[in-house]
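Have a look at the structure below, then the notes.
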Amino acid sequence: MRRIDADTMHRKVQNLRCEKVQLRRRYPDGCQAYGTELMEESKFLFKRHQTWWVKVAVPRTLRDTLGYDLRESLHTQDFEEAIAARDTVVSALKQKIHDVREELKSSRACRTAVEPDDESGFEIVAREDFSDVTFLLEVDAPLLARAAKPGQFVIVILHKRGERIPLTIADFDRDKGTITLVIQVVGKSTFEMQQRCQKGSHFHGVVGPMGFPSELGTKKVVCVGGGLGIAPVFPQLRAFKESGAYVIGVVGFRNKDLIFWQEKFEQYCDELIICTDDGSAGIEGRVTLGLEKALDKHADIDRVIAIGPPIMMKACAETTRPGGIETIVSMNPIVVDGTGMCGGCRVRVGDDIKFACVDGPEFDAHKVDFDDLMSRLGRFRGDEALALDSWKEGLA
């Protein structure tokens, strides 16, 4: 640690006192006026070794080329001089960002629309599109298929610079050595997957299976799937049926044109209740109406499994709470590393904090704090929208 002698310390204190007096003279209305005006005046400015610098953030899509930000020294220690020189430097740095973006656009135009992927990765052997935003990928992964169990998930990485995306395993075939993933486009990474993932292409990485598998051992079960949870609930109801349980399936779609896997569900369900928002097929309304119908008809239901958007799972939990029926939900919080180290996937379950990636992903629905979960999921919507816009802008 560097020692500071008494004279140096005295000089620093005097400088601070002088700065404080100058600020009071400049902002007689007090700290609030000072803070508001100073924030605007000091935008893009920061001080390093007593010298003022300019810093401009770089868009995400250009960080591999330019880094996280561009910085340039203003070669002055005076705040007024820094403000006077700032705008010119900021404009120059922004122009540099613009020039690099245009250069990358030109280079992309000279390449094929889909970049070559890592052929040593995990091959996509089949693809099926259910709608303009929902698609299925069958991935060659023999070891994963051999180890996979209902309720578990994997983390996929599209390319070497790709995001780690958690996806629940929608199906697996140990004989073929494949796992099936059903993806709904909701943001930048899934949009990019929709564009790039074709039959014969490859994932850079697939990690899993992760999480605890579903517990079976029940006599009569209702498996509810809605939205993103329709496909992941399939391996669970199949496993329940194969274990000897009476299985009631409840699945919800926006309309009849979006229905998929009906034959697969019917194969393993003793009863299948289809719900559509517009009433074009099955029951008109949410999946909770189908769940209520099953509960009214069967007084001996042991367990309810619900997978889907948090608001849907919360509604299912409230539907079964009065009867005290065991209800299990599969959590879909933000997952980064998948090992419990980052804490991004934490979920409030009763008085405890759980990590979905290592403690779940399934929890007692009557103990989950869904409001906290939905609040956490919405925390980064602005950043997600910005990332998607930046990526689309790079394709233009």
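Letters A, B, ... go to the chains of the structure tokens in the order shown; residues in each chain start at 1; ligands are counted from 1 in the same order.
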When you look at segment 303-313 of chain A with a cut-off of 9 Å (counting only C-alpha atoms), what residues show up, excluding the ones that are within fewer than 4 positions of it in the same chain? I need them as JSON, numbers by chain.
{"A": [218, 219, 220, 221, 222, 223, 224, 225, 226, 227, 228, 229, 230, 232, 233, 236, 237, 286, 287, 288, 291, 317, 318, 320, 325, 326, 327, 328, 329, 330, 331, 332, 365, 370, 371, 373, 374]}
How about saving the chosen residues, C-alpha atoms kept, as a PDB file, in the first residue's frame?
```pdb
ATOM      1  CA  THR A 218     -48.951 -41.636  -8.161  1.00  0.00           C
ATOM      2  CA  LYS A 219     -52.231 -43.278  -9.118  1.00  0.00           C
ATOM      3  CA  LYS A 220     -54.109 -40.463 -10.840  1.00  0.00           C
ATOM      4  CA  VAL A 221     -52.478 -37.301 -12.155  1.00  0.00           C
ATOM      5  CA  VAL A 222     -53.433 -34.235 -14.150  1.00  0.00           C
ATOM      6  CA  CYS A 223     -50.685 -32.855 -16.413  1.00  0.00           C
ATOM      7  CA  VAL A 224     -51.352 -29.255 -17.455  1.00  0.00           C
ATOM      8  CA  GLY A 225     -49.372 -27.541 -20.205  1.00  0.00           C
ATOM      9  CA  GLY A 226     -49.782 -24.065 -21.619  1.00  0.00           C
ATOM     10  CA  GLY A 227     -47.670 -21.866 -23.867  1.00  0.00           C
ATOM     11  CA  LEU A 228     -44.019 -22.870 -23.553  1.00  0.00           C
ATOM     12  CA  GLY A 229     -45.027 -25.705 -21.224  1.00  0.00           C
ATOM     13  CA  ILE A 230     -47.075 -27.772 -23.669  1.00  0.00           C
ATOM     14  CA  PRO A 232     -42.187 -30.210 -21.852  1.00  0.00           C
ATOM     15  CA  VAL A 233     -45.232 -31.733 -20.131  1.00  0.00           C
ATOM     16  CA  GLN A 236     -43.908 -36.398 -17.885  1.00  0.00           C
ATOM     17  CA  LEU A 237     -47.383 -37.629 -18.755  1.00  0.00           C
ATOM     18  CA  ARG A 286     -57.737 -20.920 -20.142  1.00  0.00           C
ATOM     19  CA  VAL A 287     -56.277 -24.226 -19.017  1.00  0.00           C
ATOM     20  CA  THR A 288     -57.617 -23.617 -15.508  1.00  0.00           C
ATOM     21  CA  LEU A 291     -58.237 -28.332 -14.765  1.00  0.00           C
ATOM     22  CA  ALA A 317     -51.851 -23.480  -7.906  1.00  0.00           C
ATOM     23  CA  GLU A 318     -54.743 -21.336  -6.714  1.00  0.00           C
ATOM     24  CA  THR A 320     -55.906 -26.727  -6.443  1.00  0.00           C
ATOM     25  CA  ILE A 325     -54.098 -31.377  -3.917  1.00  0.00           C
ATOM     26  CA  GLU A 326     -50.356 -31.754  -4.361  1.00  0.00           C
ATOM     27  CA  THR A 327     -49.355 -29.446  -7.205  1.00  0.00           C
ATOM     28  CA  ILE A 328     -45.914 -29.366  -8.796  1.00  0.00           C
ATOM     29  CA  VAL A 329     -44.691 -26.640 -11.144  1.00  0.00           C
ATOM     30  CA  SER A 330     -41.572 -26.469 -13.283  1.00  0.00           C
ATOM     31  CA  MET A 331     -39.785 -23.159 -12.807  1.00  0.00           C
ATOM     32  CA  ASN A 332     -38.378 -21.164 -15.702  1.00  0.00           C
ATOM     33  CA  ALA A 365     -46.632 -24.772  -6.355  1.00  0.00           C
ATOM     34  CA  PHE A 370     -44.883 -16.359  -8.172  1.00  0.00           C
ATOM     35  CA  ASP A 371     -45.071 -12.570  -7.808  1.00  0.00           C
ATOM     36  CA  LEU A 373     -40.615 -14.774  -9.893  1.00  0.00           C
ATOM     37  CA  MET A 374     -42.553 -12.650 -12.387  1.00  0.00           C
TER      38      MET A 374
END
```
All residues 12 Å or closer to segment 86-97 of chain A, only C-alpha atoms, same chain fewer than 3 positions away omitted, as a ChimeraX atom specification:
/A:41-46,52-63,65-76,79-83,100-104
Based on the selection just made, write C-alpha atoms of those residues as a PDB file, in the first residue's frame.
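Output (out.pdb):
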```pdb
ATOM      1  CA  GLU A  41     -23.384  18.187 -17.771  1.00  0.00           C
ATOM      2  CA  SER A  42     -21.142  15.252 -16.876  1.00  0.00           C
ATOM      3  CA  LYS A  43     -22.747  12.849 -19.341  1.00  0.00           C
ATOM      4  CA  PHE A  44     -20.072  10.798 -21.171  1.00  0.00           C
ATOM      5  CA  LEU A  45     -17.396  12.228 -18.826  1.00  0.00           C
ATOM      6  CA  PHE A  46     -15.294  10.485 -16.206  1.00  0.00           C
ATOM      7  CA  TRP A  52     -11.135  14.217 -17.767  1.00  0.00           C
ATOM      8  CA  TRP A  53     -12.006  11.532 -20.314  1.00  0.00           C
ATOM      9  CA  VAL A  54     -14.942  10.801 -22.595  1.00  0.00           C
ATOM     10  CA  LYS A  55     -16.546   7.331 -22.619  1.00  0.00           C
ATOM     11  CA  VAL A  56     -19.176   6.158 -25.153  1.00  0.00           C
ATOM     12  CA  ALA A  57     -20.835   2.754 -24.768  1.00  0.00           C
ATOM     13  CA  VAL A  58     -20.566   0.332 -27.702  1.00  0.00           C
ATOM     14  CA  PRO A  59     -23.692  -1.568 -28.852  1.00  0.00           C
ATOM     15  CA  ARG A  60     -23.678  -5.266 -27.954  1.00  0.00           C
ATOM     16  CA  THR A  61     -23.429  -6.397 -31.562  1.00  0.00           C
ATOM     17  CA  LEU A  62     -20.136  -4.544 -32.037  1.00  0.00           C
ATOM     18  CA  ARG A  63     -18.362  -5.437 -28.798  1.00  0.00           C
ATOM     19  CA  THR A  65     -14.833  -5.643 -32.670  1.00  0.00           C
ATOM     20  CA  LEU A  66     -14.662  -2.480 -30.553  1.00  0.00           C
ATOM     21  CA  GLY A  67     -14.885  -3.668 -26.956  1.00  0.00           C
ATOM     22  CA  TYR A  68     -17.438  -2.527 -24.392  1.00  0.00           C
ATOM     23  CA  ASP A  69     -16.804   1.207 -24.814  1.00  0.00           C
ATOM     24  CA  LEU A  70     -14.640   3.774 -26.597  1.00  0.00           C
ATOM     25  CA  ARG A  71     -12.586   6.201 -24.506  1.00  0.00           C
ATOM     26  CA  GLU A  72     -10.539   9.262 -25.298  1.00  0.00           C
ATOM     27  CA  SER A  73      -8.669  11.675 -23.046  1.00  0.00           C
ATOM     28  CA  LEU A  74      -9.589  15.355 -23.140  1.00  0.00           C
ATOM     29  CA  HIS A  75      -6.130  16.289 -21.752  1.00  0.00           C
ATOM     30  CA  THR A  76      -7.527  18.669 -19.188  1.00  0.00           C
ATOM     31  CA  PHE A  79     -14.343  20.599 -15.694  1.00  0.00           C
ATOM     32  CA  GLU A  80     -15.453  23.600 -17.764  1.00  0.00           C
ATOM     33  CA  GLU A  81     -12.879  22.861 -20.455  1.00  0.00           C
ATOM     34  CA  ALA A  82     -13.942  19.217 -20.468  1.00  0.00           C
ATOM     35  CA  ILE A  83     -17.574  20.176 -21.051  1.00  0.00           C
ATOM     36  CA  VAL A 100     -17.688  -0.008 -38.048  1.00  0.00           C
ATOM     37  CA  ARG A 101     -21.358  -1.010 -38.115  1.00  0.00           C
ATOM     38  CA  GLU A 102     -21.620  -0.133 -41.812  1.00  0.00           C
ATOM     39  CA  GLU A 103     -18.409  -2.017 -42.545  1.00  0.00           C
ATOM     40  CA  LEU A 104     -19.760  -5.125 -40.803  1.00  0.00           C
TER      41      LEU A 104
END
```
Identify which of the residues A:Leu258, A:Ile183, A:Val154, A:Ala85 lies closest to Val207 of chain A, counting only C-alpha atoms when measuring atom-to-atom distances.
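Smallest separation from Val207 of chain A among the options: A:Val154.
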As a PyMOL selection string, which residues of segment 291-391 of chain A does DSSP assign to alpha helix (DSSP H)?
chain A and resi 291-297+310-320+356-359+370-377+381-391
For a test of reading the model, state the distance in Å between atom CA of Val358 of chain A and atom CA of Phe212 of chain A, rounded to one decimal.
7.4 Å
Taking the chain letters and numbering used in this document, name the residues of segment 134-348 of chain A that DSSP puts in strand (DSSP E), as a count of residues only.
71
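If you measure from each of A:Gly217, A:Pro235, A:Gly187, A:Gly360 to Asp389 of chain A using only C-alpha atoms, the closest one turns out to be A:Gly187.
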Distance atom CA of Phe191 of chain A-atom CA of Ile274 of chain A, one decimal place?
27.9 Å
